[in-house]
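Quick notes on the structure that follows.
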Amino acid sequence: MDLILLGTGAPPPTPLKAGPSNAIVADGKLYLIDAARHAATQIVRAGFSVRDVDYLFFTHFHSDHYTGFAEFFISRWIMGAKTPLRVYGPDPAPEIVKRMLHYYEYDIDLRANEGKPRTGCEIEVNVLSPGDTFEVNGIQISVERGTRHGNVPDILSFRFEAGGRNIVIASDGSPTEKLVPFAMGADILVMHPCLPEFIVEEYGGVEETAKIVAAHHASVEEIGRTATEAKVGKLVFSHVVPPLAPNDKVAEALARHFDGTIVPGEDLLRL
Ligand SMILES: [Zn+2]
């Protein structure tokens with residue numbers, strides 16, 4: 001089982017980074033985690049077909065984590081998917097799915113009326129709650145409220161276990177007391193650091209936005225402490241706030257709080 005960082009960016013559009021999506025690859029099949037900007041294109045760049053992606057797991061519903069949902073969904077169907085897409089996520093997953101389907105209803109009707117089977121554009125939604133564990137094609141998946149993320153009531157960290165590897169994606173926000181036990185002994189822990197010293201610079205005059213953004217995210221101290229206490233094999237950072245903070249400076253800041261291996265996230269990095 002491998003992890004691919006499909007996109008390591010954030011809300012501001014930039015040609016340098018796709019939005020924050022990840023993928024788990026097991027037995028040659030790709031499982032999508034969040035469907036951010038360019039998710040469909042990044043899946044293709046990673047060497048997979050969108051048609052064959054049948055599972056999508058959402059960590060939470062801040063827009064930067066699902067700007068690519070609609071495009072991924074419709075491209076998957078157009079490219080030949082014949083089975084429903086299976087979506088897993090916290091509330092309000094059913095409502096987000098319903099509204100997204102409404103957006104494409106007109107197009108779906110046009111194509112279905114020409115004989116394209118509708119099954120490939122159906123979505124089965126599974127609402128997840130902290131503490132849930134389930135299995136998908138031999139992958140053990142657990143979710144927990146591993147982070148606190150501003151006023152988002154529903155956000156989940158994911159742990160994937162298969163083939164003797166454990167990969168934990170913490171998602172946005174500061175660690176809760178649940179994250180260390182949840183991530184304990186993971187081979188890979190993915191977290192999203194915020195470095196306030198770079199924010200004002202990048203967000204220009206939008207200081208209010210910068211303040212809100214900083215208050216919702218994990219500091220390098222919190223991330224370093226979590227990785228140390230959970231004894232993870234590799235700490236991977238991506239979806240940095242701000243998104244264009246230099247990777248070497250982020251790694252340097254994290255290294256002050258974690259002695260283990262730190263991997264700077266880059267789009268399409270496979271681990
Ligand atoms: Zn968020």
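In the structure tokens, the first chain shown is A, the next is B, and so on; residue numbers restart at 1 for each chain, and ligands run from 1 in the order shown.
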
Point to revise | 8 Å contact set for segment 64-73 of chain A, only C-alpha atoms, chain neighbours under 3 positions out, as a VMD selection string | key: chain A and resid 10 to 11 19 to 21 34 to 40 50 58 to 61 76 to 77 85 100 121

Practice item. Enumerate, as a count of residues only, the complete set of residues in segment 6-174 of chain A that a backbone-based DSSP assignment places in strand (DSSP E). Key: 50

**Study point:** Test item: residues lying within 7 Å of ligand 1 with only C-alpha atoms and all ligand atoms, as a PyMOL selection string
**Key:** chain A and resi 60+62+149+172

Kindly provide the residues of segment 22-58 of chain A that approach segment 122-140 of chain A to within 10 Å, each paired with its closest atom pair and their distance in Å to one decimal, based on only C-alpha atoms, listed by chain and increasing number, as JSON lines.
{"residue": "A:Ile24", "atom": "CA", "partner": "A:Ile139", "partner_atom": "CA", "distance": 9.8}
{"residue": "A:Ala26", "atom": "CA", "partner": "A:Ile139", "partner_atom": "CA", "distance": 7.9}
{"residue": "A:Asp27", "atom": "CA", "partner": "A:Asn137", "partner_atom": "CA", "distance": 9.2}
{"residue": "A:Lys29", "atom": "CA", "partner": "A:Asn137", "partner_atom": "CA", "distance": 9.7}
{"residue": "A:Tyr31", "atom": "CA", "partner": "A:Val136", "partner_atom": "CA", "distance": 9.9}
{"residue": "A:Asp54", "atom": "CA", "partner": "A:Ile123", "partner_atom": "CA", "distance": 9.8}
{"residue": "A:Tyr55", "atom": "CA", "partner": "A:Val136", "partner_atom": "CA", "distance": 9.0}
{"residue": "A:Leu56", "atom": "CA", "partner": "A:Val125", "partner_atom": "CA", "distance": 9.7}
{"residue": "A:Phe57", "atom": "CA", "partner": "A:Asn126", "partner_atom": "CA", "distance": 9.4}
{"residue": "A:Phe58", "atom": "CA", "partner": "A:Leu128", "partner_atom": "CA", "distance": 9.5}

Exercise for review: Can you list, as a PyMOL selection string, all residues belonging to segment 190-259 of chain A that DSSP tags as alpha helix (DSSP H)?
Suggested key: chain A and resi 196-203+207-215+220-229+247-255

Keeping only N, CA, C and O atoms, write the selected residues to a file as a tab-separated table (two decimals), in the first residue's frame.
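To be explicit, this is the file written out as again.tsv:
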chain	number	residue	atom	x	y	z
A	196	PRO	N	2.74	31.12	10.61
A	196	PRO	CA	2.17	32.47	10.54
A	196	PRO	C	3.13	33.50	9.96
A	196	PRO	O	2.71	34.45	9.33
A	197	GLU	N	4.44	33.29	10.18
A	197	GLU	CA	5.40	34.29	9.71
A	197	GLU	C	5.37	34.47	8.18
A	197	GLU	O	5.80	35.49	7.67
A	198	PHE	N	4.84	33.48	7.46
A	198	PHE	CA	4.79	33.60	5.99
A	198	PHE	C	3.41	34.04	5.48
A	198	PHE	O	3.24	34.32	4.31
A	199	ILE	N	2.42	34.06	6.38
A	199	ILE	CA	1.05	34.26	5.90
A	199	ILE	C	0.80	35.65	5.35
A	199	ILE	O	0.34	35.81	4.23
A	200	VAL	N	1.12	36.65	6.12
A	200	VAL	CA	0.75	38.02	5.72
A	200	VAL	C	1.41	38.34	4.38
A	200	VAL	O	0.78	38.89	3.48
A	201	GLU	N	2.65	37.92	4.25
A	201	GLU	CA	3.40	38.09	3.01
A	201	GLU	C	2.59	37.56	1.81
A	201	GLU	O	2.37	38.25	0.83
A	202	GLU	N	2.10	36.32	1.94
A	202	GLU	CA	1.47	35.67	0.78
A	202	GLU	C	0.03	36.11	0.54
A	202	GLU	O	-0.43	36.17	-0.59
A	203	TYR	N	-0.69	36.38	1.64
A	203	TYR	CA	-2.09	36.78	1.46
A	203	TYR	C	-2.18	38.30	1.24
A	203	TYR	O	-3.26	38.87	1.23
A	207	GLU	N	-5.25	40.81	5.79
A	207	GLU	CA	-4.76	40.42	7.12
A	207	GLU	C	-5.80	39.70	7.97
A	207	GLU	O	-5.46	38.83	8.76
A	208	GLU	N	-7.07	40.09	7.80
A	208	GLU	CA	-8.13	39.44	8.57
A	208	GLU	C	-8.18	37.95	8.22
A	208	GLU	O	-8.28	37.09	9.07
A	209	THR	N	-8.13	37.67	6.90
A	209	THR	CA	-8.13	36.28	6.44
A	209	THR	C	-6.93	35.55	7.04
A	209	THR	O	-7.06	34.42	7.53
A	210	ALA	N	-5.78	36.19	7.02
A	210	ALA	CA	-4.56	35.57	7.54
A	210	ALA	C	-4.73	35.17	9.00
A	210	ALA	O	-4.34	34.08	9.41
A	211	LYS	N	-5.35	36.06	9.79
A	211	LYS	CA	-5.54	35.77	11.21
A	211	LYS	C	-6.46	34.57	11.43
A	211	LYS	O	-6.19	33.70	12.24
A	212	ILE	N	-7.57	34.56	10.68
A	212	ILE	CA	-8.53	33.45	10.82
A	212	ILE	C	-7.85	32.14	10.42
A	212	ILE	O	-7.93	31.13	11.12
A	213	VAL	N	-7.15	32.19	9.30
A	213	VAL	CA	-6.47	31.00	8.78
A	213	VAL	C	-5.48	30.46	9.82
A	213	VAL	O	-5.45	29.26	10.11
A	214	ALA	N	-4.69	31.34	10.42
A	214	ALA	CA	-3.67	30.91	11.40
A	214	ALA	C	-4.33	30.25	12.60
A	214	ALA	O	-3.84	29.26	13.14
A	215	ALA	N	-5.47	30.80	13.04
A	215	ALA	CA	-6.14	30.28	14.24
A	215	ALA	C	-6.72	28.88	14.02
A	215	ALA	O	-6.96	28.15	14.96
A	220	VAL	N	3.90	24.24	13.99
A	220	VAL	CA	4.98	23.24	13.82
A	220	VAL	C	5.27	22.53	15.14
A	220	VAL	O	5.62	21.35	15.16
A	221	GLU	N	5.10	23.26	16.26
A	221	GLU	CA	5.32	22.63	17.58
A	221	GLU	C	4.32	21.49	17.79
A	221	GLU	O	4.69	20.39	18.20
A	222	GLU	N	3.04	21.78	17.51
A	222	GLU	CA	1.99	20.76	17.73
A	222	GLU	C	2.25	19.53	16.86
A	222	GLU	O	2.09	18.39	17.29
A	223	ILE	N	2.64	19.79	15.61
A	223	ILE	CA	2.87	18.67	14.69
A	223	ILE	C	4.09	17.86	15.11
A	223	ILE	O	4.07	16.63	15.14
A	224	GLY	N	5.16	18.56	15.47
A	224	GLY	CA	6.39	17.88	15.89
A	224	GLY	C	6.15	17.02	17.12
A	224	GLY	O	6.60	15.87	17.21
A	225	ARG	N	5.40	17.58	18.07
A	225	ARG	CA	5.11	16.85	19.31
A	225	ARG	C	4.27	15.60	19.00
A	225	ARG	O	4.54	14.52	19.52
A	226	THR	N	3.28	15.75	18.13
A	226	THR	CA	2.42	14.61	17.77
A	226	THR	C	3.25	13.50	17.13
A	226	THR	O	3.14	12.33	17.50
A	227	ALA	N	4.08	13.87	16.16
A	227	ALA	CA	4.90	12.87	15.45
A	227	ALA	C	5.85	12.18	16.42
A	227	ALA	O	6.08	10.96	16.33
A	228	THR	N	6.41	12.92	17.36
A	228	THR	CA	7.35	12.36	18.34
A	228	THR	C	6.63	11.38	19.27
A	228	THR	O	7.06	10.24	19.45
A	229	GLU	N	5.52	11.86	19.85
A	229	GLU	CA	4.80	11.02	20.82
A	229	GLU	C	4.18	9.78	20.16
A	229	GLU	O	4.09	8.72	20.77
A	247	ASN	N	9.43	24.97	1.16
A	247	ASN	CA	9.48	23.65	1.80
A	247	ASN	C	10.69	23.48	2.72
A	247	ASN	O	10.59	22.85	3.77
A	248	ASP	N	11.84	24.05	2.31
A	248	ASP	CA	13.03	23.85	3.15
A	248	ASP	C	12.86	24.58	4.49
A	248	ASP	O	13.27	24.08	5.53
A	249	LYS	N	12.20	25.72	4.46
A	249	LYS	CA	11.99	26.48	5.71
A	249	LYS	C	10.97	25.75	6.60
A	249	LYS	O	11.10	25.72	7.82
A	250	VAL	N	9.95	25.14	5.97
A	250	VAL	CA	8.94	24.40	6.74
A	250	VAL	C	9.62	23.18	7.39
A	250	VAL	O	9.42	22.91	8.58
A	251	ALA	N	10.41	22.46	6.61
A	251	ALA	CA	11.10	21.27	7.13
A	251	ALA	C	12.03	21.66	8.29
A	251	ALA	O	12.10	20.97	9.32
A	252	GLU	N	12.71	22.77	8.12
A	252	GLU	CA	13.64	23.27	9.15
A	252	GLU	C	12.87	23.56	10.45
A	252	GLU	O	13.31	23.19	11.54
A	253	ALA	N	11.72	24.21	10.31
A	253	ALA	CA	10.91	24.58	11.49
A	253	ALA	C	10.40	23.31	12.19
A	253	ALA	O	10.40	23.22	13.42
A	254	LEU	N	9.96	22.32	11.40
A	254	LEU	CA	9.45	21.07	11.99
A	254	LEU	C	10.57	20.28	12.67
A	254	LEU	O	10.35	19.64	13.71
A	255	ALA	N	11.76	20.34	12.08
A	255	ALA	CA	12.89	19.56	12.61
A	255	ALA	C	13.29	20.03	14.01
A	255	ALA	O	13.94	19.28	14.75
